[in-house]
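*Asks:* Handing you a structure now.
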Amino acid sequence: MNTIQRQVLALRIGKGQSIGSSELRTLWATACSSIDVKVTCMDVGENLERQIYGLWGGVNLNRRSAGIRMRKLLALRGYLFTLRDVGL
């Protein structure tokens, strides 16, 4: 499937923690109940030492439900994180 996608959430993992792109994509796809998702990464900070991950999904995605499920999945794996809604 290749539908039009939009960024849904911005994720920042706790200092000293990391997450692989394939693990993050799998978690996000699970949270969305769809394989039609995308994950992007942007290096930020003074020395570009931190990452903000963009979590993308289709325009018909139930953003609230996917966000709640993603928070649970990350917490169950022991991640410290901030997860921010990107808005419409």
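Identifiers in this document derive from the order of the structure tokens: chains are assigned A, B, ..., residues are numbered from 1 separately in each chain, and ligands are numbered from 1 in order of occurrence.
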Within chain A, find each residue whose DSSP state, derived from the backbone, is strand (DSSP E or B), and express the selection as an MDAnalysis selection string.
*Replies:* chainID A and resid 5:13 38:44 50:58 81:85
*Asks:* How would the residues just picked look written out with C-alpha atoms as a PDB file, in the first residue's frame?
*Replies:*
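File produced: again09.pdb:
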```
ATOM      1  CA  GLN A   5       0.948  10.036   4.564  1.00  0.00           C
ATOM      2  CA  ARG A   6       1.331  12.820   7.095  1.00  0.00           C
ATOM      3  CA  GLN A   7       3.458  13.156  10.180  1.00  0.00           C
ATOM      4  CA  VAL A   8       1.376  12.210  13.199  1.00  0.00           C
ATOM      5  CA  LEU A   9       3.762  12.256  16.152  1.00  0.00           C
ATOM      6  CA  ALA A  10       7.243  13.424  17.099  1.00  0.00           C
ATOM      7  CA  LEU A  11       9.184  11.098  19.397  1.00  0.00           C
ATOM      8  CA  ARG A  12      12.237  11.819  21.494  1.00  0.00           C
ATOM      9  CA  ILE A  13      13.856   8.913  23.350  1.00  0.00           C
ATOM     10  CA  LYS A  38       6.936   5.645   7.795  1.00  0.00           C
ATOM     11  CA  VAL A  39       9.531   6.670  10.375  1.00  0.00           C
ATOM     12  CA  THR A  40      12.000   9.525   9.866  1.00  0.00           C
ATOM     13  CA  CYS A  41      14.891  10.750  12.004  1.00  0.00           C
ATOM     14  CA  MET A  42      16.337  14.224  12.470  1.00  0.00           C
ATOM     15  CA  ASP A  43      19.518  14.896  14.464  1.00  0.00           C
ATOM     16  CA  VAL A  44      19.172  17.843  16.847  1.00  0.00           C
ATOM     17  CA  ARG A  50      19.979  13.733  19.983  1.00  0.00           C
ATOM     18  CA  GLN A  51      17.348  12.520  17.579  1.00  0.00           C
ATOM     19  CA  ILE A  52      13.730  13.385  17.025  1.00  0.00           C
ATOM     20  CA  TYR A  53      11.799  10.703  15.195  1.00  0.00           C
ATOM     21  CA  GLY A  54       8.851  11.516  12.964  1.00  0.00           C
ATOM     22  CA  LEU A  55       6.078   8.927  13.001  1.00  0.00           C
ATOM     23  CA  TRP A  56       3.989   9.025   9.840  1.00  0.00           C
ATOM     24  CA  GLY A  57       0.723   7.368   8.897  1.00  0.00           C
ATOM     25  CA  GLY A  58      -2.092   7.491   6.381  1.00  0.00           C
ATOM     26  CA  PHE A  81      10.384   9.296  26.049  1.00  0.00           C
ATOM     27  CA  THR A  82       8.348  12.283  25.037  1.00  0.00           C
ATOM     28  CA  LEU A  83       5.747  11.799  22.342  1.00  0.00           C
ATOM     29  CA  ARG A  84       4.175  14.933  20.914  1.00  0.00           C
ATOM     30  CA  ASP A  85       1.197  15.251  18.591  1.00  0.00           C
TER      31      ASP A  85
END
```
*Asks:* DSSP on the backbone, then: every residue of chain A marked alpha helix (DSSP H), written as JSON, numbers by chain.
*Replies:* {"A": [21, 22, 23, 24, 25, 26, 27, 28, 29, 30, 31, 32, 63, 64, 65, 66, 67, 68, 69, 70, 71, 72, 73, 74, 75, 76]}
*Asks:* Can you work out the spacing between CA of Ile4 (chain A) and CA of Val59 (chain A) in Å, to one decimal?
*Replies:*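 Computing it gives 6.5 Å between the two atoms.
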*Asks:* Pick out the residues sitting within 12 Å of region 71-75 of chain A, and hand them over as a PyMOL selection string; count only C-alpha atoms, and ignore anything fewer than 2 positions along from it in its own chain.
*Replies:* chain A and resi 9-14+17-19+23-32+64-69+77-85
*Asks:* So which one's closest to Ile35 (chain A), A:Met70, A:Leu76, A:Asn62, A:Thr3? Using only C-alpha atoms, please.
*Replies:* A:Thr3
